[in-house]
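Chemist: Sharing a structure with you now.
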Amino acid sequence: MERIPYLRLENITKTFPGVLANYSINLSIEKSEVHAILGENGAGKSTLMKILYGFYRPDTGNIYLDGTPVDIRSPLEASRLGIGMVFQNFMLIPAFSVVENIALALPKLNVLFKRSEMEERMAVVADRYGLSVDPRARVWQLSVGEKQRVEIVKLLLSGARMLIFDEPTSVLAPHEIEGLFQIFKNLTNDGYTILFITHKLREVMACADRVTVLRRGSVVGTVLRSDTTEQELAYMMLGEQSLHLDRSTKKPPEGRSKTVLELKGVEVSDDRGGLGLKEVSFSISSGEIVGVAGVSGNGQKELGEVVLGLRRCRAGSVLLHGNDATQWSVARILGEGVACMPEDPLVMGVAPGMTAQENMILTDRMNYFRHGGLFIDWKAVRAEVERRVENFGLPIPNLDTPVIALSGGNVQRLVFVREVARRPSLLIAYYPTRGLDLAATKMANDLLLACREAGIAVLLISEDLEELFSLSDRLIVMHRGEVVGSFKPEETDRLEVGLLMTGSKAP
Amino acid sequence: MFLFLQGVLTGAVRSETSVLYATLGETLGERAGITNLGMEGCMLMGACLGFVTMAHTDNLALSMMAAALAGGLSSLIHAFLVVTRRANQLASGLALMFFGLGVTGFIGRPYVGMKIRGLNELPIPYLSEIPFVGPILFTHDVLTYLTYLLTPLLWVFLFYTRWGLAVRAVGENRTVAYASGLRPSLIQYLAVFFGGMLAGLGGAHLSIAYTHMWVEGMTAGRGFIAVALVIFSMWHPLRGMLGTLLFGGAIAFQLQLQARGSRISPYILDMTPYLLTLAVLLLWGRTRKHAMPEGLKAVFEGVD
């Protein structure tokens with residue numbers, strides 16, 4: 001007799017107005033395996049998982065749990081069936097303590113519940129699977145990795161047998177990712193089943209038992225990890241596209257390169273009045289990409305802000321094109337050709353309620369002024385914006401939609417294109433590929449290399465070591481506001497940089 | 001001096017009762033993520049209908065129930081608009097306030113100037129004979145005594161029970177609450193309804209117990225003071241009680257001064273409680289990080 005899989009999806013189809021998100025999905029998940037769902041952004045992974053968790057209901061199709069058909073109408077129903085989900089942006093309440101957050105998910109709690117009893121139950125699970133968190137801390141005080149652990153403890157205590165992780169690594173530092181995979185292993189050893197959604201091939205190879213690849217809402221296939229390779233998975237995921245990043249064809253401009261930006265012993269305060277940057281010195285020349293590696297929150301934000309003039313130096317100086325720019329206003333610095341692609345474009349880079357077109361000219365609107373800025377030449381704007389969308393292959397169907405309606409990846413690309421189109425001499429790029437899928441990442445990387453070719457000095461701030469190694473001409477590593485290492489990529493390796501950026505190795 | 005202080009404090013407890021009810025009600029609603037600027041209207045509904053029922057039946061329990069229901073039902077209008085219809089909370093609340101003002105003006109017209117037996121002080125034997133504290137705390141009416149019970153009860157409810165946790169979770173983030181298996185809309189309806197009931201009782205205290213009469217618009221902004229006190233108390237029932245005592249103290253203080261023939265203009269004196277409220281808000285300034293229920297930031301967009 002054939003074995004009955006733990007969870008089976010049969011012909012699941014889900015449409016949203018105008019979008020076919022999932023088409024006739026068939027999928028079997030065995031008990032106590034790590035099953036990866038691999039696919040590009042928009043391949044339908046999240047929709048499928050939300051169906052499993054009762055957020056959406058499929059248009060057609062059946063779900064079987066242990067061979068019996070189930071109807072998952074709501075998250076409550078899902079958790080009754082033992083299905084739990086760790087969301088990308090965490091379903092936790094920052095103002096609550098860890099204990100309160102966990103209590104919220106427990107259906108059979110006494111009306112008057114005892115915090116001490118909850119803490120004991122937490123400790124049991126935490127010890128067994130390596131998930132320790134201070135139960136009395138408020139969630140807003142926790143690091144991202146700790147929040148993730150709280151989510152896992154919450155699900156385990158609420159009786160989940162299968163855990164769905166939606167892109168769990170996108171917010172973690174390299175060593176935290178390894179810790180998470182270890183937790184996966186501990187859990188499957190005890191009979192838990194893990195469903196792991198991702199678009200990162202390397203992570204699939206590192207932790208999954210089986211992989212199901214989705215493309216454009218349909219299943220391409222399910223393979224055993226041990227029977228496949230990264231290349232094969234990439235091919236399944238993308239089809240015929242080439243992703244090879246060719247750094248050699250895009251050479252930096254010939255001739256003498258000039259120093260564009262120089263920092264000399266810069267020190268600034270952070271938001272809490274502590275030291276944000278400590279004696280930071282380095283320089284960037286035209287046509288050079290300098291990569292800044294580091295776990296976010298180690299001075300990267302302050303670094304960009306001090307160059308842009310948003311944050312004042314306590315000590316040291318900032319030189320732009322050889323002139324002392326330490327005391328310049330933000331407007332003057334921008335006027336000197338400094339462009340920035342901010343850390344969170346939706347918050348810092350665009351006016352969310354305004355249209356894509358309006359946002360596209362937000363930083364160079366002066367070029368379209370008529371009658372001394374009383375009016376704007378919208379015809380010229382339209383032509384220019386259309387040209388940019390065309391040239392850079394931006395997938396924005398309607399320029400008159402407010403950017404809040406665009407996906408995060410598209411907003412990011414819009415800001416990127418806008419800043420590059422200003423022809424800056426220095427571009428500060430924060431996490432330019434964070435959250436982007438492979439195709440979009442490739443586009444962003446190509447754009448960075450094109451900037452380099454055009455003689456722009458690029459300060460690339462990223463947590464993705466692979467990206468840093470493949471793009472940078474020089475690498476600096478930051479830890480607690482200090483530069484703890486400075487290399488050519490070929491002089492070092494990922495391990496050394498990883499250790500430096502997490503403070504595990506003294507510089 | 002001793003008697004003056006005792007008089008002020010006794011008066012404070014007496015006159016703060018109505019505001020305290022509304023403050024507790026608003027705390028409950030805002031903890032669930034709904035700001036109700038219509039508390040003033042709910043109080044008026046309670047004051048008016050409580051008084052009318054009392055005038056006709058002379059039955060205290062019945063008029064209490066009428067007052068609570070009047071407050072609760074009128075606040076359901078607000079709940080429907082902001083939870084189901086996703087209306088702007090500020091607009092809806094203000095509309096409710098004017099609605100209450102108009103309706104009670106109409107219903108209460110024949111009762112203006114009527115005097116009723118009402119709810120009188122009922123000193124608690126023995127307890128009220130404790131020197132100084134006794135008269136301040138234990139020479140009041142039943143509705144005031146009820147607040148001694150309700151305030152800590154709401155505190156325990158919000159912070160130590162599963163239900164309170166659910167209410168606060170909905171106020172912080174509806175999506176998280178839903179993902180945790182709760183029913184956010186139902187919880188918000190209930191919170192606003194019970195909040196409105198409390199405001200109705202507060203209004204009834206004003207008409208039946210405090211003044212024994214009905215005057216159009218007699219709440220005189222107490223509903224709004226309650227909203228301000230909720231912020232001042234950082235959405236905490238016990239601190240809310242302190243805040244209302246401060247407000248009541250200011251009222252009692254100016255009444256004592258007027259009774260003693262102070263030469264300061266009574267108009268200026270009438271302003272003291274409101275000036276005090278302004279001063280408190282001014283000094284208090286920014287609230288502590290994460291003290292405010294996150295969901296309240298959505299008042300302009302309706303509940304999502």
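Please note that chains go A, B, ... in the order of the structure tokens, that every chain numbers its residues from 1, and that ligands are numbered from 1 in the order shown.
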Give me the residues near segment 242-252 of chain B as an mmCIF file with N, CA, C and O atoms, in the first residue's frame, where near means some atom within 7 Å (using only C-alpha atoms) and where sequence neighbours in that chain fewer than 5 positions away do not count.

Modeler:
data_model
loop_
_atom_site.group_PDB
_atom_site.id
_atom_site.type_symbol
_atom_site.label_atom_id
_atom_site.label_comp_id
_atom_site.auth_asym_id
_atom_site.auth_seq_id
_atom_site.Cartn_x
_atom_site.Cartn_y
_atom_site.Cartn_z
ATOM 1 N N VAL B 8 -12.733 69.774 49.969
ATOM 2 C CA VAL B 8 -12.281 69.720 48.578
ATOM 3 C C VAL B 8 -12.177 68.268 48.119
ATOM 4 O O VAL B 8 -12.667 67.897 47.053
ATOM 5 N N LEU B 9 -11.568 67.426 48.953
ATOM 6 C CA LEU B 9 -11.348 66.044 48.547
ATOM 7 C C LEU B 9 -12.661 65.275 48.435
ATOM 8 O O LEU B 9 -12.859 64.499 47.498
ATOM 9 N N GLY B 11 -15.515 66.562 47.775
ATOM 10 C CA GLY B 11 -16.131 67.093 46.564
ATOM 11 C C GLY B 11 -15.473 66.522 45.325
ATOM 12 O O GLY B 11 -16.131 66.242 44.319
ATOM 13 N N ALA B 12 -14.159 66.339 45.408
ATOM 14 C CA ALA B 12 -13.424 65.814 44.262
ATOM 15 C C ALA B 12 -13.945 64.441 43.881
ATOM 16 O O ALA B 12 -14.255 64.168 42.729
ATOM 17 N N VAL B 13 -14.068 63.572 44.885
ATOM 18 C CA VAL B 13 -14.540 62.214 44.613
ATOM 19 C C VAL B 13 -15.949 62.258 44.030
ATOM 20 O O VAL B 13 -16.273 61.544 43.082
ATOM 21 N N SER B 15 -17.487 64.764 42.406
ATOM 22 C CA SER B 15 -17.660 65.343 41.085
ATOM 23 C C SER B 15 -16.855 64.617 40.007
ATOM 24 O O SER B 15 -17.106 64.794 38.824
ATOM 25 N N GLU B 16 -15.893 63.785 40.414
ATOM 26 C CA GLU B 16 -15.129 63.102 39.382
ATOM 27 C C GLU B 16 -15.827 61.834 38.912
ATOM 28 O O GLU B 16 -15.457 61.281 37.885
ATOM 29 N N VAL B 19 -16.888 61.657 35.270
ATOM 30 C CA VAL B 19 -15.752 61.649 34.339
ATOM 31 C C VAL B 19 -15.029 60.317 34.405
ATOM 32 O O VAL B 19 -14.558 59.800 33.402
ATOM 33 N N LEU B 20 -14.964 59.749 35.608
ATOM 34 C CA LEU B 20 -14.261 58.478 35.757
ATOM 35 C C LEU B 20 -14.944 57.379 34.939
ATOM 36 O O LEU B 20 -14.282 56.607 34.250
ATOM 37 N N LEU B 229 -8.034 62.628 29.430
ATOM 38 C CA LEU B 229 -7.483 61.928 30.598
ATOM 39 C C LEU B 229 -6.988 60.533 30.239
ATOM 40 O O LEU B 229 -6.042 60.037 30.838
ATOM 41 N N SER B 233 -3.404 59.351 31.164
ATOM 42 C CA SER B 233 -3.205 58.172 32.007
ATOM 43 C C SER B 233 -2.515 57.054 31.240
ATOM 44 O O SER B 233 -2.330 55.968 31.771
ATOM 45 N N THR B 272 -10.893 76.648 35.988
ATOM 46 C CA THR B 272 -9.740 75.943 36.566
ATOM 47 C C THR B 272 -9.613 74.475 36.148
ATOM 48 O O THR B 272 -8.521 74.057 35.775
ATOM 49 N N PRO B 273 -10.700 73.674 36.209
ATOM 50 C CA PRO B 273 -10.482 72.274 35.833
ATOM 51 C C PRO B 273 -9.954 72.122 34.414
ATOM 52 O O PRO B 273 -9.108 71.260 34.152
#

Chemist: Give as a PyMOL selection string every residue of chain A that touches chain B within 12 Å, counting only C-alpha atoms.

Modeler: chain A and resi 50+53-56+73-80+83-87+89-97+99-115+138-141+151+154-155+158

Chemist: Enumerate, as number ranges by chain, the complete set of residues in segment 366-427 of chain A that a backbone-based DSSP assignment places in helix (DSSP H, G or I).

Modeler: A: 366-368, 378-392, 403-405, 408-421

Chemist: Store the residues picked out above in a file with N, CA and C atoms, as an mmCIF file, in the first residue's frame.

Modeler:
data_model
loop_
_atom_site.group_PDB
_atom_site.id
_atom_site.type_symbol
_atom_site.label_atom_id
_atom_site.label_comp_id
_atom_site.auth_asym_id
_atom_site.auth_seq_id
_atom_site.Cartn_x
_atom_site.Cartn_y
_atom_site.Cartn_z
ATOM 1 N N MET A 366 13.615 70.302 -10.763
ATOM 2 C CA MET A 366 14.027 71.631 -11.238
ATOM 3 C C MET A 366 14.246 71.649 -12.749
ATOM 4 N N ASN A 367 14.547 70.478 -13.310
ATOM 5 C CA ASN A 367 14.820 70.429 -14.745
ATOM 6 C C ASN A 367 13.569 70.652 -15.587
ATOM 7 N N TYR A 368 12.407 70.556 -14.968
ATOM 8 C CA TYR A 368 11.174 70.684 -15.743
ATOM 9 C C TYR A 368 10.393 71.937 -15.366
ATOM 10 N N TRP A 378 4.748 69.105 -17.727
ATOM 11 C CA TRP A 378 4.391 67.690 -17.556
ATOM 12 C C TRP A 378 4.610 66.868 -18.813
ATOM 13 N N LYS A 379 4.519 67.529 -19.984
ATOM 14 C CA LYS A 379 4.749 66.791 -21.226
ATOM 15 C C LYS A 379 6.177 66.269 -21.270
ATOM 16 N N ALA A 380 7.116 67.173 -20.952
ATOM 17 C CA ALA A 380 8.523 66.775 -20.952
ATOM 18 C C ALA A 380 8.771 65.710 -19.901
ATOM 19 N N VAL A 381 8.108 65.867 -18.747
ATOM 20 C CA VAL A 381 8.249 64.881 -17.684
ATOM 21 C C VAL A 381 7.816 63.520 -18.191
ATOM 22 N N ARG A 382 6.642 63.500 -18.827
ATOM 23 C CA ARG A 382 6.096 62.242 -19.323
ATOM 24 C C ARG A 382 7.077 61.547 -20.265
ATOM 25 N N ALA A 383 7.603 62.354 -21.208
ATOM 26 C CA ALA A 383 8.523 61.794 -22.189
ATOM 27 C C ALA A 383 9.754 61.211 -21.504
ATOM 28 N N GLU A 384 10.305 61.966 -20.545
ATOM 29 C CA GLU A 384 11.514 61.522 -19.861
ATOM 30 C C GLU A 384 11.240 60.262 -19.038
ATOM 31 N N VAL A 385 10.119 60.265 -18.312
ATOM 32 C CA VAL A 385 9.809 59.118 -17.468
ATOM 33 C C VAL A 385 9.582 57.879 -18.322
ATOM 34 N N GLU A 386 8.881 58.069 -19.434
ATOM 35 C CA GLU A 386 8.646 56.918 -20.315
ATOM 36 C C GLU A 386 9.961 56.376 -20.868
ATOM 37 N N ARG A 387 10.873 57.309 -21.184
ATOM 38 C CA ARG A 387 12.175 56.891 -21.691
ATOM 39 C C ARG A 387 12.905 56.041 -20.633
ATOM 40 N N ARG A 388 12.849 56.513 -19.377
ATOM 41 C CA ARG A 388 13.539 55.771 -18.316
ATOM 42 C C ARG A 388 12.934 54.391 -18.104
ATOM 43 N N VAL A 389 11.616 54.340 -18.091
ATOM 44 C CA VAL A 389 10.940 53.064 -17.861
ATOM 45 C C VAL A 389 11.330 52.083 -18.956
ATOM 46 N N GLU A 390 11.362 52.616 -20.193
ATOM 47 C CA GLU A 390 11.739 51.809 -21.344
ATOM 48 C C GLU A 390 13.191 51.322 -21.219
ATOM 49 N N ASN A 391 14.096 52.281 -21.006
ATOM 50 C CA ASN A 391 15.530 51.957 -20.968
ATOM 51 C C ASN A 391 15.890 50.946 -19.897
ATOM 52 N N PHE A 392 15.299 51.122 -18.737
ATOM 53 C CA PHE A 392 15.698 50.278 -17.616
ATOM 54 C C PHE A 392 14.771 49.082 -17.440
ATOM 55 N N VAL A 403 2.503 55.157 -5.894
ATOM 56 C CA VAL A 403 3.532 54.148 -5.676
ATOM 57 C C VAL A 403 3.204 53.209 -4.524
ATOM 58 N N ILE A 404 2.313 53.628 -3.641
ATOM 59 C CA ILE A 404 1.957 52.745 -2.529
ATOM 60 C C ILE A 404 1.340 51.450 -3.062
ATOM 61 N N ALA A 405 0.792 51.532 -4.303
ATOM 62 C CA ALA A 405 0.162 50.343 -4.868
ATOM 63 C C ALA A 405 1.166 49.429 -5.561
ATOM 64 N N GLY A 408 6.997 46.194 -3.278
ATOM 65 C CA GLY A 408 8.191 46.750 -2.642
ATOM 66 C C GLY A 408 9.386 46.731 -3.572
ATOM 67 N N GLY A 409 9.536 45.642 -4.320
ATOM 68 C CA GLY A 409 10.661 45.524 -5.231
ATOM 69 C C GLY A 409 10.620 46.580 -6.322
ATOM 70 N N ASN A 410 9.425 46.874 -6.806
ATOM 71 C CA ASN A 410 9.305 47.874 -7.859
ATOM 72 C C ASN A 410 9.563 49.280 -7.354
ATOM 73 N N VAL A 411 9.134 49.568 -6.135
ATOM 74 C CA VAL A 411 9.420 50.876 -5.560
ATOM 75 C C VAL A 411 10.928 51.046 -5.447
ATOM 76 N N GLN A 412 11.573 49.984 -4.981
ATOM 77 C CA GLN A 412 13.017 50.008 -4.832
ATOM 78 C C GLN A 412 13.699 50.308 -6.174
ATOM 79 N N ARG A 413 13.225 49.634 -7.225
ATOM 80 C CA ARG A 413 13.834 49.841 -8.535
ATOM 81 C C ARG A 413 13.550 51.233 -9.076
ATOM 82 N N LEU A 414 12.332 51.718 -8.796
ATOM 83 C CA LEU A 414 11.976 53.062 -9.251
ATOM 84 C C LEU A 414 12.940 54.090 -8.658
ATOM 85 N N VAL A 415 13.176 53.979 -7.356
ATOM 86 C CA VAL A 415 14.065 54.930 -6.699
ATOM 87 C C VAL A 415 15.484 54.800 -7.248
ATOM 88 N N PHE A 416 15.893 53.570 -7.451
ATOM 89 C CA PHE A 416 17.223 53.291 -7.971
ATOM 90 C C PHE A 416 17.405 53.968 -9.338
ATOM 91 N N VAL A 417 16.460 53.717 -10.235
ATOM 92 C CA VAL A 417 16.529 54.296 -11.571
ATOM 93 C C VAL A 417 16.529 55.814 -11.506
ATOM 94 N N ARG A 418 15.671 56.354 -10.638
ATOM 95 C CA ARG A 418 15.596 57.806 -10.513
ATOM 96 C C ARG A 418 16.936 58.397 -10.101
ATOM 97 N N GLU A 419 17.552 57.788 -9.111
ATOM 98 C CA GLU A 419 18.809 58.340 -8.605
ATOM 99 C C GLU A 419 19.924 58.223 -9.641
ATOM 100 N N VAL A 420 19.949 57.092 -10.343
ATOM 101 C CA VAL A 420 20.996 56.913 -11.351
ATOM 102 C C VAL A 420 20.791 57.883 -12.510
ATOM 103 N N ALA A 421 19.520 58.133 -12.860
ATOM 104 C CA ALA A 421 19.221 59.001 -13.992
ATOM 105 C C ALA A 421 19.668 60.438 -13.744
#

Chemist: Between atom CA of Gln231 of chain A and atom CA of Ala440 of chain A, what is the spacing in Å?

Modeler: 18.1 Å

Chemist: So, counting only C-alpha atoms, which residue among A:Ile284, A:Met205, A:Ile72, A:Leu438 is closest to Leu263 of chain A?

Modeler: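 Going through A:Ile284, A:Met205, A:Ile72, A:Leu438 one by one, the smallest distance to Leu263 of chain A is for A:Ile284.
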
Chemist: So, counting only C-alpha atoms, which residue among A:Asp446, A:Glu279, A:Glu343, A:Asp190 is closest to Glu463 of chain A?

Modeler: A:Glu343

Chemist: Excluding Met64 of chain B and residues on its chain fewer than 3 positions from it, collect all residues at most 8 Å away from it, counting only C-alpha atoms, and give them as a VMD selection string.

Modeler: chain B and resid 50 60 to 61 67 to 68 201 204

Chemist: Could you tell me which of B:Leu198, B:Leu101, B:Ala279, B:Ala55 comes closest to Met218 of chain B if we count only C-alpha atoms?

Modeler: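 With only C-alpha atoms as the atom set, the closest residue is B:Leu101.
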
Chemist: Leaving out Ala22 of chain B and any residue of its chain fewer than 2 positions from it, which residues lie within 10 Å of it when counting only C-alpha atoms, given as a PyMOL selection string?

Modeler: chain B and resi 17-20+24-28+39-40+42-43+195-203+222-227+229-230+244

Chemist: Taking 3 positions as the minimum chain separation for residues in the same chain, which residues sit within 12 Å of Leu127 of chain B when counting only C-alpha atoms? Answer as a list in words.

Modeler: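 Surrounding residues, per the criterion: Leu122, Pro123, Ile124, Ile130, Pro131, Phe132, Val133, Gly134, Pro135, Ile136, Leu137, Phe138, Thr139 and His140 of chain B.
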
Chemist: Save out the residues we just selected, N, CA and C atoms, as a PDB file, in the first residue's frame.

Modeler:
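As written to disk, result-v3.pdb reads:
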ATOM      1  N   LEU B 122     -25.279  57.783  50.646  1.00  0.00           N
ATOM      2  CA  LEU B 122     -25.547  56.646  51.515  1.00  0.00           C
ATOM      3  C   LEU B 122     -24.261  56.348  52.266  1.00  0.00           C
ATOM      4  N   PRO B 123     -24.045  57.064  53.388  1.00  0.00           N
ATOM      5  CA  PRO B 123     -22.783  56.844  54.114  1.00  0.00           C
ATOM      6  C   PRO B 123     -22.699  55.396  54.558  1.00  0.00           C
ATOM      7  N   ILE B 124     -21.559  54.798  54.370  1.00  0.00           N
ATOM      8  CA  ILE B 124     -21.392  53.413  54.779  1.00  0.00           C
ATOM      9  C   ILE B 124     -21.103  53.384  56.280  1.00  0.00           C
ATOM     10  N   ILE B 130     -14.356  56.740  59.974  1.00  0.00           N
ATOM     11  CA  ILE B 130     -12.901  56.858  60.047  1.00  0.00           C
ATOM     12  C   ILE B 130     -12.551  58.329  59.877  1.00  0.00           C
ATOM     13  N   PRO B 131     -11.724  58.870  60.781  1.00  0.00           N
ATOM     14  CA  PRO B 131     -11.436  60.303  60.657  1.00  0.00           C
ATOM     15  C   PRO B 131     -10.775  60.621  59.316  1.00  0.00           C
ATOM     16  N   PHE B 132     -11.099  61.770  58.782  1.00  0.00           N
ATOM     17  CA  PHE B 132     -10.578  62.326  57.540  1.00  0.00           C
ATOM     18  C   PHE B 132     -10.898  61.465  56.319  1.00  0.00           C
ATOM     19  N   VAL B 133     -10.331  60.261  56.252  1.00  0.00           N
ATOM     20  CA  VAL B 133     -10.530  59.412  55.057  1.00  0.00           C
ATOM     21  C   VAL B 133     -11.984  58.995  54.919  1.00  0.00           C
ATOM     22  N   GLY B 134     -12.622  58.656  56.033  1.00  0.00           N
ATOM     23  CA  GLY B 134     -13.993  58.156  56.014  1.00  0.00           C
ATOM     24  C   GLY B 134     -14.926  59.043  55.223  1.00  0.00           C
ATOM     25  N   PRO B 135     -15.055  60.312  55.627  1.00  0.00           N
ATOM     26  CA  PRO B 135     -15.986  61.179  54.901  1.00  0.00           C
ATOM     27  C   PRO B 135     -15.599  61.362  53.432  1.00  0.00           C
ATOM     28  N   ILE B 136     -14.284  61.366  53.162  1.00  0.00           N
ATOM     29  CA  ILE B 136     -13.861  61.601  51.777  1.00  0.00           C
ATOM     30  C   ILE B 136     -14.300  60.448  50.884  1.00  0.00           C
ATOM     31  N   LEU B 137     -14.122  59.221  51.376  1.00  0.00           N
ATOM     32  CA  LEU B 137     -14.361  58.060  50.514  1.00  0.00           C
ATOM     33  C   LEU B 137     -15.740  57.437  50.690  1.00  0.00           C
ATOM     34  N   PHE B 138     -16.305  57.517  51.905  1.00  0.00           N
ATOM     35  CA  PHE B 138     -17.464  56.663  52.163  1.00  0.00           C
ATOM     36  C   PHE B 138     -18.740  57.414  52.516  1.00  0.00           C
ATOM     37  N   THR B 139     -18.880  58.632  52.024  1.00  0.00           N
ATOM     38  CA  THR B 139     -20.144  59.336  52.231  1.00  0.00           C
ATOM     39  C   THR B 139     -20.758  59.699  50.884  1.00  0.00           C
ATOM     40  N   HIS B 140     -20.753  58.761  49.969  1.00  0.00           N
ATOM     41  CA  HIS B 140     -21.234  59.073  48.619  1.00  0.00           C
ATOM     42  C   HIS B 140     -22.417  58.205  48.238  1.00  0.00           C
TER      43      HIS B 140
END

Chemist: Which residue, B:Met54, B:Val167, B:Leu62, B:Leu257, has the smallest gap to Ile208 of chain B when you use only C-alpha atoms?

Modeler: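 Between B:Met54, B:Val167, B:Leu62, B:Leu257, the residue approaching Ile208 of chain B most closely is B:Met54.
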